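Student: Okay, handing you the structure first.
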Amino acid sequence: MNSSLTPSQAAEDGCYHCGQDIPQGSSFFTIIEEKPRQMCCPGCQAVAQTIVDSGLDNFYKHRATTSYTPDFNVKSVSEAQLSELALYDQDSIQQDFVVTAENGLKEATLVIEGITCAACVWLLEHHLNKQDGVEKVSVNLTNHRARLTWNPQTLPLSMLLAEIYRIGYQAHPYTPNKEEQLLDQERKRATRRLGVAGLGMMQVMMIAVALYGGALQGIENKHVTFMRWASMVIATPVIMYAARPFFIAALRDLRTRHLSMDVPVSIAIGGAYLASVWATVTDSGEVYFDSVTMFTFFLLIGRFLEMQARHRTGRAGNAMLNLLPASAIKVIDGEETMIPAKELAVGDQVIIKPGHTVPADGRIIAGNSSIDESALTGEYLPIRKEQGDEVIGGTINVENPITLEVTRVGAESQLSSIVRLLERAQEDKPKAAQLADRVASYFVAAVLLTAVSVGFSWWLISPEDAFWITLSVLVVTCPCALSLATPTALTAATGTLRQNGVLITRGHVLESLSRATHIVFDKTGTLTEGNLTLQETLSLDEHATEHHLQIAAALEKHSEHPIAQAFHTVVTPHKVDNLQATLGQGLEGQIDGLRYRIGKPDYAFSVCPNEHTKPELPPVSGQWLLLCSETGPLAWFRLNDQVRTEAAQTIKQLHQLGLTCEMLTGDSSSAVEEVASTLGIDTVISGVSPEQKLAHIQKLQSEGAQVIMVGDGINDIPVLAGAQTSIAMGSATDLAKTNADGVLISADLMRLADAIRLSRKTRSIIRQNLGWSASYNLLALPLAALGFIAPYMAALGMSLSSIVVVANALRLSKLGKANRVK
């Protein structure tokens, strides 16, 4: 191989991918960098196309040689896959998703395809932790992301990716665009499978009704035979296509010698289908195509709903990283040049014009302006930034052009740090999930061992009955009612809350709400309205109050600053000339030839003649603006963020329910204590960062508290993810709502008390359902094992048990109005 060729030489003299000579008559091409590149063989063409499809075209720009393939020895991974995985050892490729720690270890976030249950998570973590050089592996079952910490001197990343492939999963570096493609492909596949299963189930059930009716009232044998064959034809695509993921996962688990729920599910579906086919072909025994299709459909519905919740979580981090713009204006030799933002490097100088988004973390080296950080902090007031101040990528420049020196890019940026903080918060698995990780395989093994023992016993007693009795045991032990006991109750209660203005986005919310001991509120936008309003006007001439208000409104009329918007509802006849804004101070303009200023007291008073004395600040807390003219001071205006009208009654109701109410806010002004005193909140922690908020929540939880967190800003995202239960306001940012476990659609805090009352009733219903379904299984299993229950009776009993559970859960849908607080 001519590995010393440059990419351009390879394009002219040999294969663009590997550099080898191109055989005569070869017609293999791949479009790279918008140009057709010739390949020597279909293998290179396939690898190159994979690189392009994965968005890794830059590999051909940054490679030092035309080939980079380390010596792997992973038997089950193809050569094409090995070539693709080797790309991820390049520093230029890793910069977007790998962070290097001070001790030399590297940390990467990966997206894992093929995870179906807690057993998959255990297998991945257990297998990767055994690899030399791996320090820590944590796989998140909710969004199928893995956080991997390893020593690159001991083991390259490509080898770890190959190990993941080897045990039956696929790993991709976490990048927003790539993950969006994977999520979309998964959703389309799941929708198609669900549609095939649903359509097949409906048709087979219609035929089954006729067969059951014929068995009771009599029917000619030729009609029975015809309907059996019709059922088999309809059920076959359901088994071969819709149920295919269960069989693939079961084979993977058997190869890795690790059991998951897919194994007994596949045995039950496949066994019942094959037995029904045999009965149809031989015209003997019973057929269970209706049970098979129904079982497949309901299992797929459960997986589909789980997938939807997982996708919602996955897109949260993607949307956050997509706050960064696609391009940036870089200063090169004194000239402004537009370049892709991803090509910025530390030390580059970029110009940020008003209204543009900051493309990377940096330090202002020229100019000053106000920066809108609401996308990251949730605070609506722009922050004044001077030369030397740090600016975060993803924020927006509001007023003046500034020049920035880039200090952090890619995975090292502040935005990426927030995403990693979110990932760490989501990695804290609840006790139920940890228990599921430990017992999943043992439960499956117990189910299979029971079925095998029953089958072997009956083979010795009555071989002709062994198969049917074993099938009955498998159907009976399929925990349909047990698995429906909790989700059906949660679904019914979730629908009731949705009708009353509370949207639940996670299945665990109602259970955790019922056990809550503490509820923690953010202030701005949660307990308050989230926008400044004009609270009071104090004119120094009480007869001119309305006139002074109109003057102030005229000055603020053409500004979009949040402070100015508080005056926009005031109608004014005055026209302003020579309007000027002073950054962080206020506004100045001429009205009828007289100069006015409004803003901070010192700034506004400086327009007054020297003989005047600056008026004292009013004693009432709030944000006070002073209006002055060339004739002297005129009026004070008090602005404040108004407390929600229902907030005090909500806190009172929550106290009556036995919850401890706290306020946790980044605001450090005097307004915090005023709001707490008004609402009757005893515990207040102010002036804290997102990291400190998360630490406080984790401290409460470590002491045994069950915490509900209510917030609305992106700065609340890590603490929303870290709390057992998180609720976002209806007016919250999209990212906050996406990461929260629930959303107050109407932004009515009173709905929280409704939700807690209903959650406690839901917990009671769930206990009733679990008790019924467990009793049914304990009774039906020995009867099936003794041969008293035929397979059709087991399927019918399973269905009836599920109906009882569902009917009991539907009682929650009638509790909506009774639970509402009057």
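Naming scheme: A, B, ... for chains in displayed order of the structure tokens; residues 1 onward per chain; ligands 1 onward as shown.
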For Trp229 in chain A, find every residue with an atom within 12 Å (counting only C-alpha atoms), except residues of its own chain fewer than 3 positions away, and show them as JSON, numbers by chain.

Tutor: {"A": [204, 207, 208, 222, 223, 224, 225, 226, 232, 233, 234, 235, 236, 276, 277, 278, 279, 280, 281, 282, 283, 287, 289]}

Student: Residues within 9 Å of range 629-637 of chain A, please, as a VMD selection string. Count only C-alpha atoms; anything in the same chain fewer than 5 positions from it doesn't count.

Tutor: chain A and resid 534 to 541 544 to 545 548 to 549 594 to 598 604 to 605 607 to 609 612 to 615 617 to 618 623 to 624

Student: Give me, as a VMD selection string, all polymer residues having an atom no more than 8 Å from Val672 in chain A, counting only C-alpha atoms and skipping those fewer than 4 positions away in the same chain.

Tutor: chain A and resid 523 667 to 668 676 686

Student: Running DSSP on the backbone, which parts of range 472-644 of chain A land in strand (DSSP E or B), as a PyMOL selection string?

Tutor: chain A and resi 502-504+518-521+528-539+577-582+586-591+594-599+623-629+632-643

Student: Just how far from CA of His543 in chain A is CA of Gln585 in chain A, in Å to one decimal?

Tutor: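 Between CA of Gln585 in chain A and CA of His543 in chain A the gap is 27.8 Å.
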
Student: For Gly584 in chain A, find every residue with an atom within 9 Å (counting only C-alpha atoms), except residues of its own chain fewer than 3 positions away, and show them as a PDB file with N, CA, C and O atoms, in the first residue's frame.

Tutor:
ATOM      1  N   SER A 370     -24.592  44.648  25.577  1.00  0.00           N
ATOM      2  CA  SER A 370     -25.418  43.841  26.473  1.00  0.00           C
ATOM      3  C   SER A 370     -25.597  42.467  25.839  1.00  0.00           C
ATOM      4  O   SER A 370     -25.859  42.370  24.633  1.00  0.00           O
ATOM      5  N   ILE A 383     -27.226  41.176  30.164  1.00  0.00           N
ATOM      6  CA  ILE A 383     -26.119  41.463  31.074  1.00  0.00           C
ATOM      7  C   ILE A 383     -25.100  42.347  30.368  1.00  0.00           C
ATOM      8  O   ILE A 383     -24.697  42.072  29.232  1.00  0.00           O
ATOM      9  N   ARG A 384     -24.693  43.427  31.036  1.00  0.00           N
ATOM     10  CA  ARG A 384     -23.704  44.327  30.438  1.00  0.00           C
ATOM     11  C   ARG A 384     -22.332  43.667  30.449  1.00  0.00           C
ATOM     12  O   ARG A 384     -21.886  43.142  31.473  1.00  0.00           O
ATOM     13  N   ALA A 581     -29.576  55.956  23.872  1.00  0.00           N
ATOM     14  CA  ALA A 581     -29.527  54.951  24.947  1.00  0.00           C
ATOM     15  C   ALA A 581     -28.108  54.854  25.468  1.00  0.00           C
ATOM     16  O   ALA A 581     -27.153  54.777  24.682  1.00  0.00           O
ATOM     17  N   GLY A 599     -33.917  56.447  34.033  1.00  0.00           N
ATOM     18  CA  GLY A 599     -33.044  55.299  34.237  1.00  0.00           C
ATOM     19  C   GLY A 599     -32.539  55.251  35.660  1.00  0.00           C
ATOM     20  O   GLY A 599     -33.254  55.625  36.612  1.00  0.00           O
ATOM     21  N   LYS A 600     -31.292  54.819  35.836  1.00  0.00           N
ATOM     22  CA  LYS A 600     -30.710  54.752  37.162  1.00  0.00           C
ATOM     23  C   LYS A 600     -30.635  56.158  37.760  1.00  0.00           C
ATOM     24  O   LYS A 600     -30.403  57.137  37.036  1.00  0.00           O
TER      25      LYS A 600
END

Student: Taking the backbone alone, and naming residues the way the document does, which bits of range 596-702 of chain A are helix (DSSP H, G or I) by DSSP, as number ranges by chain?

Tutor: A: 601-605, 647-656, 671-679, 690-702

Student: Would you mind listing what lies within 7 Å of Gly394 in chain A as a list in words, with only C-alpha atoms counted and same-chain residues fewer than 5 positions away left out?

Tutor: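 So, after excluding close chain neighbours, the residues are Leu323, Leu324, Thr357, Val358 and Pro359 of chain A.
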
Student: Next, the residues of the selection above should be written as a PDB file, in the first residue's frame with C-alpha atoms.

Tutor:
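Wrote selection.pdb, looks like this:
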ATOM      1  CA  LEU A 323     -27.994  26.957  20.098  1.00  0.00           C
ATOM      2  CA  LEU A 324     -24.580  27.547  18.516  1.00  0.00           C
ATOM      3  CA  THR A 357     -25.378  34.555  18.348  1.00  0.00           C
ATOM      4  CA  VAL A 358     -21.973  34.081  19.969  1.00  0.00           C
ATOM      5  CA  PRO A 359     -20.364  31.070  18.172  1.00  0.00           C
TER       6      PRO A 359
END

Student: Which residues come within 12 Å of Val571 in chain A, counting only C-alpha atoms, excluding same-chain residues fewer than 5 positions away, as a list of chain:residue names?

Tutor: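 In the requested form, the answer reads A:Glu546, A:His547, A:Leu549, A:Gln550, A:Ile551, A:Ala552, A:Ala553, A:Ala554, A:Leu555, A:Glu556, A:Lys557.
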
Student: Export C-alpha atoms of the chosen residues as a PDB file, in the first residue's frame?

Tutor:
ATOM      1  CA  GLU A 546     -50.228  61.206  34.615  1.00  0.00           C
ATOM      2  CA  HIS A 547     -48.140  63.682  32.615  1.00  0.00           C
ATOM      3  CA  LEU A 549     -46.008  58.720  33.245  1.00  0.00           C
ATOM      4  CA  GLN A 550     -46.710  59.699  29.626  1.00  0.00           C
ATOM      5  CA  ILE A 551     -43.277  61.350  29.336  1.00  0.00           C
ATOM      6  CA  ALA A 552     -41.615  58.155  30.628  1.00  0.00           C
ATOM      7  CA  ALA A 553     -43.667  55.987  28.242  1.00  0.00           C
ATOM      8  CA  ALA A 554     -42.657  58.201  25.301  1.00  0.00           C
ATOM      9  CA  LEU A 555     -38.966  57.749  26.126  1.00  0.00           C
ATOM     10  CA  GLU A 556     -39.314  53.977  26.502  1.00  0.00           C
ATOM     11  CA  LYS A 557     -41.638  53.524  23.519  1.00  0.00           C
TER      12      LYS A 557
END

Student: For Val509 in chain A, list every protein, DNA or RNA residue within 9 Å, evaluated using only C-alpha atoms, and leave out those in the same chain fewer than 4 positions away; present the list as number ranges by chain.

Tutor: A: 490, 504-505, 513-514, 724-726, 741-742, 759

Student: Can I get the selection written as a PDB file, in the first residue's frame, with N, CA, C and O atoms?

Tutor:
ATOM      1  N   LEU A 490     -51.207   4.652  35.632  1.00  0.00           N
ATOM      2  CA  LEU A 490     -50.513   5.902  35.343  1.00  0.00           C
ATOM      3  C   LEU A 490     -51.088   6.585  34.108  1.00  0.00           C
ATOM      4  O   LEU A 490     -51.221   7.813  34.062  1.00  0.00           O
ATOM      5  N   ILE A 504     -48.011  15.149  31.998  1.00  0.00           N
ATOM      6  CA  ILE A 504     -46.997  14.246  32.553  1.00  0.00           C
ATOM      7  C   ILE A 504     -46.206  13.641  31.399  1.00  0.00           C
ATOM      8  O   ILE A 504     -46.776  13.084  30.464  1.00  0.00           O
ATOM      9  N   THR A 505     -44.882  13.747  31.447  1.00  0.00           N
ATOM     10  CA  THR A 505     -44.040  13.249  30.365  1.00  0.00           C
ATOM     11  C   THR A 505     -43.172  12.067  30.763  1.00  0.00           C
ATOM     12  O   THR A 505     -42.408  11.572  29.941  1.00  0.00           O
ATOM     13  N   LEU A 513     -44.651  11.546  42.932  1.00  0.00           N
ATOM     14  CA  LEU A 513     -45.421  12.637  43.527  1.00  0.00           C
ATOM     15  C   LEU A 513     -46.117  12.182  44.806  1.00  0.00           C
ATOM     16  O   LEU A 513     -46.206  12.924  45.783  1.00  0.00           O
ATOM     17  N   SER A 514     -46.618  10.956  44.793  1.00  0.00           N
ATOM     18  CA  SER A 514     -47.357  10.457  45.953  1.00  0.00           C
ATOM     19  C   SER A 514     -46.458  10.279  47.171  1.00  0.00           C
ATOM     20  O   SER A 514     -46.933  10.269  48.303  1.00  0.00           O
ATOM     21  N   GLN A 724     -35.938  13.844  41.972  1.00  0.00           N
ATOM     22  CA  GLN A 724     -36.760  12.659  41.708  1.00  0.00           C
ATOM     23  C   GLN A 724     -37.917  12.992  40.784  1.00  0.00           C
ATOM     24  O   GLN A 724     -38.285  12.217  39.917  1.00  0.00           O
ATOM     25  N   THR A 725     -38.502  14.175  40.957  1.00  0.00           N
ATOM     26  CA  THR A 725     -39.609  14.621  40.119  1.00  0.00           C
ATOM     27  C   THR A 725     -39.388  16.083  39.766  1.00  0.00           C
ATOM     28  O   THR A 725     -39.048  16.886  40.630  1.00  0.00           O
ATOM     29  N   SER A 726     -39.585  16.429  38.499  1.00  0.00           N
ATOM     30  CA  SER A 726     -39.385  17.810  38.065  1.00  0.00           C
ATOM     31  C   SER A 726     -40.600  18.279  37.268  1.00  0.00           C
ATOM     32  O   SER A 726     -41.133  17.547  36.431  1.00  0.00           O
ATOM     33  N   ASP A 741     -40.136  16.239  34.029  1.00  0.00           N
ATOM     34  CA  ASP A 741     -41.004  15.066  34.089  1.00  0.00           C
ATOM     35  C   ASP A 741     -42.462  15.437  33.863  1.00  0.00           C
ATOM     36  O   ASP A 741     -43.282  14.572  33.558  1.00  0.00           O
ATOM     37  N   GLY A 742     -42.804  16.702  34.044  1.00  0.00           N
ATOM     38  CA  GLY A 742     -44.167  17.166  33.834  1.00  0.00           C
ATOM     39  C   GLY A 742     -44.171  18.648  33.514  1.00  0.00           C
ATOM     40  O   GLY A 742     -43.195  19.364  33.769  1.00  0.00           O
ATOM     41  N   SER A 759     -52.173  11.610  42.640  1.00  0.00           N
ATOM     42  CA  SER A 759     -51.071  10.638  42.670  1.00  0.00           C
ATOM     43  C   SER A 759     -51.223   9.676  43.845  1.00  0.00           C
ATOM     44  O   SER A 759     -50.898   8.495  43.737  1.00  0.00           O
TER      45      SER A 759
END

Student: Between CA of Gly525 in chain A and CA of His356 in chain A, what distance in Å does the model show, to one decimal?

Tutor: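 So the answer is 25.4 Å.
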
Student: For Leu300 in chain A, which residue out of A:Val576, A:Val196, A:Ile115, A:Ala489 is the nearest one, using only C-alpha atoms?

Tutor: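 Ranking A:Val576, A:Val196, A:Ile115, A:Ala489 by distance to Leu300 in chain A, first place goes to A:Val196.
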
Student: So which one's closest to Ile651 in chain A, A:Thr665, A:Ser453, A:Ser677, A:Thr572? Using only C-alpha atoms, please.

Tutor: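 Checking each candidate against Ile651 in chain A, we get A:Ser677 as the closest.
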